[in-house]
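Pasted below: entry-v8.txt, compact mmCIF, C-alpha atoms.
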# COMPACT_ATOMS: atom_id res chain seq x y z
CA MET A 1 21.08 15.09 26.85
CA ALA A 2 20.96 11.28 26.76
CA ALA A 3 22.01 9.49 23.58
CA GLU A 4 19.14 6.99 23.73
CA LEU A 5 15.69 6.48 25.15
CA HIS A 6 14.06 3.44 26.66
CA VAL A 7 11.04 2.22 24.66
CA GLU A 8 8.21 -0.06 25.77
CA LEU A 9 5.69 -1.11 23.12
CA VAL A 10 2.83 -2.89 24.88
CA ALA A 11 -0.42 -4.26 23.46
CA ALA A 12 -3.49 -5.05 25.53
CA ASP A 13 -2.52 -8.73 25.61
CA ARG A 14 1.32 -8.71 25.68
CA SER A 15 4.60 -6.86 25.72
CA VAL A 16 5.53 -6.47 22.03
CA TRP A 17 8.98 -4.85 22.13
CA SER A 18 11.25 -3.31 24.74
CA GLY A 19 14.70 -1.81 24.38
CA GLU A 20 16.89 1.20 23.77
CA ALA A 21 16.39 3.44 20.75
CA THR A 22 17.59 6.67 19.20
CA LEU A 23 14.34 7.56 17.38
CA VAL A 24 10.70 6.48 17.39
CA VAL A 25 8.18 7.65 14.78
CA ALA A 26 4.46 7.12 15.41
CA ARG A 27 1.14 8.45 14.12
CA THR A 28 -0.97 10.43 16.58
CA THR A 29 -4.28 12.23 16.24
CA SER A 30 -2.19 15.40 15.73
CA GLY A 31 -0.10 13.82 12.95
CA ASP A 32 3.15 11.89 12.77
CA ILE A 33 5.60 12.51 15.59
CA GLY A 34 9.26 11.67 15.96
CA VAL A 35 10.64 11.26 19.46
CA MET A 36 14.37 11.40 20.17
CA PRO A 37 16.29 11.48 23.45
CA GLY A 38 15.71 14.77 25.25
CA HIS A 39 12.28 15.37 23.66
CA GLN A 40 9.82 17.43 25.64
CA PRO A 41 7.40 15.37 27.75
CA LEU A 42 4.28 14.39 25.83
CA LEU A 43 1.05 12.45 26.10
CA GLY A 44 -0.93 11.68 22.97
CA VAL A 45 -3.46 9.40 21.34
CA LEU A 46 -2.13 6.90 18.80
CA GLU A 47 -3.83 6.48 15.45
CA SER A 48 -3.62 3.24 13.51
CA GLY A 49 -0.37 3.18 11.59
CA PRO A 50 3.14 1.81 11.46
CA VAL A 51 5.52 2.66 14.31
CA THR A 52 9.19 2.83 13.40
CA ILE A 53 11.82 2.28 16.10
CA ARG A 54 15.48 2.95 15.33
CA THR A 55 17.35 0.90 17.88
CA SER A 56 20.59 1.93 19.55
CA ASP A 57 22.51 -0.68 17.57
CA GLY A 58 21.29 0.77 14.24
CA ALA A 59 18.54 -1.77 13.50
CA THR A 60 14.99 -0.77 12.59
CA VAL A 61 11.92 -2.32 14.20
CA ILE A 62 8.54 -1.77 12.52
CA ALA A 63 5.21 -2.53 14.19
CA ALA A 64 1.61 -2.20 13.08
CA VAL A 65 -0.21 -0.35 15.86
CA HIS A 66 -3.97 0.09 16.11
CA GLY A 67 -5.01 2.79 18.57
CA GLY A 68 -3.76 3.51 22.06
CA PHE A 69 -1.59 6.10 23.78
CA ILE A 70 1.96 7.45 23.62
CA SER A 71 3.72 8.88 26.64
CA PHE A 72 7.23 10.29 26.97
CA ALA A 73 9.12 11.68 29.97
CA ASP A 74 12.66 11.36 31.34
CA ASP A 75 13.87 9.55 28.19
CA LYS A 76 11.27 6.79 28.69
CA LEU A 77 8.76 6.27 25.87
CA SER A 78 5.66 4.13 26.37
CA LEU A 79 3.46 3.07 23.48
CA LEU A 80 0.31 1.49 24.93
CA ALA A 81 -1.62 0.02 22.04
CA GLU A 82 -4.98 -1.67 21.75
CA ILE A 83 -3.43 -4.02 19.15
CA ALA A 84 0.20 -4.16 18.05
CA GLU A 85 2.26 -6.65 16.08
CA LEU A 86 5.79 -6.56 14.79
CA ALA A 87 6.13 -6.51 11.00
CA ASP A 88 8.11 -9.77 11.19
CA GLU A 89 5.08 -11.46 12.81
CA ILE A 90 2.62 -10.47 10.07
CA ASP A 91 1.55 -13.13 7.58
CA VAL A 92 1.35 -11.11 4.35
CA ARG A 93 -1.01 -13.48 2.54
CA ARG A 94 -3.37 -13.56 5.49
CA ALA A 95 -3.32 -9.76 5.74
CA GLU A 96 -4.03 -9.45 2.00
CA ARG A 97 -7.00 -11.82 2.30
CA ALA A 98 -8.29 -9.88 5.31
CA LEU A 99 -8.05 -6.65 3.32
CA GLU A 100 -10.00 -8.16 0.41
CA ARG A 101 -12.72 -9.44 2.77
CA ALA A 102 -12.92 -6.06 4.50
CA LYS A 103 -13.20 -4.21 1.18
CA SER A 104 -16.08 -6.41 0.07
CA GLY A 105 -17.99 -5.64 3.27
CA THR A 106 -18.80 -2.49 5.17
CA ASP A 107 -16.32 -2.87 8.03
CA ALA A 108 -14.08 0.19 7.66
CA ALA A 109 -12.18 -0.60 10.87
CA SER A 110 -11.19 -4.07 9.61
CA GLU A 111 -10.12 -2.57 6.30
CA ARG A 112 -7.97 0.01 8.10
CA ARG A 113 -6.33 -2.67 10.30
CA ALA A 114 -5.48 -4.79 7.25
CA GLU A 115 -4.05 -1.79 5.38
CA VAL A 116 -1.85 -0.83 8.37
CA ARG A 117 -0.55 -4.39 8.68
CA LEU A 118 0.43 -4.42 5.01
CA ARG A 119 2.06 -0.97 5.24
CA ALA A 120 4.11 -2.13 8.23
CA VAL A 121 5.36 -5.12 6.28
CA ALA A 122 6.16 -2.98 3.24
CA VAL A 123 8.31 -0.60 5.32
CA ARG A 124 10.55 -3.27 6.89
For this file, write the structure as structure tokens.
Amino acid sequence: MAAELHVELVAADRSVWSGEATLVVARTTSGDIGVMPGHQPLLGVLESGPVTIRTSDGATVIAAVHGGFISFADDKLSLLAEIAELADEIDVRRAERALERAKSGTDAASERRAEVRLRAVAVR
């Protein structure tokens, strides 16, 4: 069994993060899933939520992911997201304002995106 897996986190408009990891935790339509080297092959649908990547050098990368797919085989994990941003890229004040605007309206999807962004920042 390999000691690490190769991870590619890709959004519709860019490559967000790529590297070696020992663990990735993501939210799927079936619930949260943790993927480690040697995991059984899988294909799933990503729900909006934070993705946690434990890198091979012991660092933790957090990303806010909004929809997409997760695929794992041969110690290669692909996270193909509609929208994804690293927690370090998120402007907290802007996300808080977006959440307040979304709560005052009827756009549940915008509210969910703002909440996920703030949760990703809180985890880092």
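For the atom pair formed by CA of Ala84 (chain A) and CA of Leu46 (chain A), the distance is 11.3 Å, given to one decimal.
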| query | Which is closer to Leu86 (chain A) than all the others in A:Met36, A:Leu9, A:Ala26, A:Ala3, using only C-alpha atoms? | reply |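 Of the candidates, the smallest distance to Leu86 (chain A) is held by A:Leu9.
Put simply, CA of Glu8 (chain A) is 20.1 Å away from CA of Val116 (chain A).
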| said: Between CA of Leu5 (chain A) and CA of Ala120 (chain A), what distance in Å does the model show, to one decimal? | reply: 22.2 Å
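Closest approach to Ala122 (chain A) among A:Ile62, A:Ile70, A:Leu80, A:Val35 is made by A:Ile62 (distances from all atoms listed in the file).
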| said: With only C-alpha atoms as the counted atoms, please give the residues lying no more than 10 Å from Ala95 (chain A), apart from itself and same-chain residues fewer than 2 positions off, as a PyMOL selection string. | reply: chain A and resi 90-93+97-101+111+113-118+121
| query | Which protein, DNA or RNA residues have an atom at most 7 Å from (-9.4, 1.2, 20.1), counting all atoms listed in the file? List them as a PyMOL selection string. | reply | chain A and resi 66-68+82
| request: Select, from A:Thr29, A:Ser104, A:Ser15, A:Gln40, the residue with the minimum atom-to-atom distance to Leu79 (chain A), counting only C-alpha atoms. | output: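 So, comparing all the options, the nearest one is A:Ser15.
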| task | May I ask which of the residues A:Thr52, A:Thr60, A:Ser71, A:Ser78 is the closest one to Ser18 (chain A), counting all atoms listed in the file? | result |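 Under the stated criterion, the closest residue is A:Ser78.
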| query | Which residue gives the smallest distance to Leu42 (chain A) among A:Ala64, A:Val16, A:Leu77, A:Val24, with only C-alpha atoms counted? | reply |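 Selected residue with least distance to Leu42 (chain A): A:Leu77.
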| Within 9 Å of Arg119 (chain A), counting all atoms listed in the file, which residues qualify if same-chain residues fewer than 6 places away don't, as a list in words? |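 Counting all atoms listed in the file, the residues come to Gly49, Pro50, Ala64 and Ala87 of chain A.
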| From the set A:Ala108, A:Ile83, A:Val61, A:Ile33, which residue has the shortest atom-to-atom contact distance to Trp17 (chain A), counting all atoms listed in the file? | A:Val61
| Who sits within 10 Å of Asp74 (chain A), only C-alpha atoms, same chain under 5 positions skipped, as an NGL selection string | :A and (2 or 5-6 or 37-41)
Using the structure block above, produce a file of region 20-31 of chain A that contains N, CA and C atoms, as a PDB file, in the first residue's frame.
ATOM      1  N   GLU A  20       0.744  15.894  -3.203  1.00  0.00           N
ATOM      2  CA  GLU A  20       0.691  14.601  -2.521  1.00  0.00           C
ATOM      3  C   GLU A  20       0.060  14.779  -1.150  1.00  0.00           C
ATOM      4  N   ALA A  21      -0.753  13.802  -0.755  1.00  0.00           N
ATOM      5  CA  ALA A  21      -1.454  13.882   0.526  1.00  0.00           C
ATOM      6  C   ALA A  21      -1.546  12.504   1.167  1.00  0.00           C
ATOM      7  N   THR A  22      -1.850  12.521   2.465  1.00  0.00           N
ATOM      8  CA  THR A  22      -2.054  11.275   3.199  1.00  0.00           C
ATOM      9  C   THR A  22      -3.522  11.044   3.512  1.00  0.00           C
ATOM     10  N   LEU A  23      -4.339  12.122   3.456  1.00  0.00           N
ATOM     11  CA  LEU A  23      -5.765  12.025   3.766  1.00  0.00           C
ATOM     12  C   LEU A  23      -6.505  13.183   3.119  1.00  0.00           C
ATOM     13  N   VAL A  24      -7.671  12.890   2.559  1.00  0.00           N
ATOM     14  CA  VAL A  24      -8.568  13.926   2.047  1.00  0.00           C
ATOM     15  C   VAL A  24      -9.961  13.635   2.591  1.00  0.00           C
ATOM     16  N   VAL A  25     -10.607  14.664   3.151  1.00  0.00           N
ATOM     17  CA  VAL A  25     -11.967  14.526   3.663  1.00  0.00           C
ATOM     18  C   VAL A  25     -12.856  15.474   2.865  1.00  0.00           C
ATOM     19  N   ALA A  26     -13.946  14.934   2.318  1.00  0.00           N
ATOM     20  CA  ALA A  26     -14.868  15.730   1.507  1.00  0.00           C
ATOM     21  C   ALA A  26     -16.296  15.303   1.803  1.00  0.00           C
ATOM     22  N   ARG A  27     -17.232  16.194   1.493  1.00  0.00           N
ATOM     23  CA  ARG A  27     -18.660  15.899   1.687  1.00  0.00           C
ATOM     24  C   ARG A  27     -19.255  15.447   0.356  1.00  0.00           C
ATOM     25  N   THR A  28     -19.899  14.281   0.382  1.00  0.00           N
ATOM     26  CA  THR A  28     -20.583  13.763  -0.800  1.00  0.00           C
ATOM     27  C   THR A  28     -22.074  13.667  -0.507  1.00  0.00           C
ATOM     28  N   THR A  29     -22.839  13.319  -1.521  1.00  0.00           N
ATOM     29  CA  THR A  29     -24.276  13.151  -1.329  1.00  0.00           C
ATOM     30  C   THR A  29     -24.577  11.998  -0.381  1.00  0.00           C
ATOM     31  N   SER A  30     -23.604  11.114  -0.169  1.00  0.00           N
ATOM     32  CA  SER A  30     -23.771   9.988   0.758  1.00  0.00           C
ATOM     33  C   SER A  30     -23.241  10.305   2.151  1.00  0.00           C
ATOM     34  N   GLY A  31     -22.691  11.497   2.340  1.00  0.00           N
ATOM     35  CA  GLY A  31     -22.113  11.884   3.625  1.00  0.00           C
ATOM     36  C   GLY A  31     -20.637  12.201   3.476  1.00  0.00           C
TER      37      GLY A  31
END
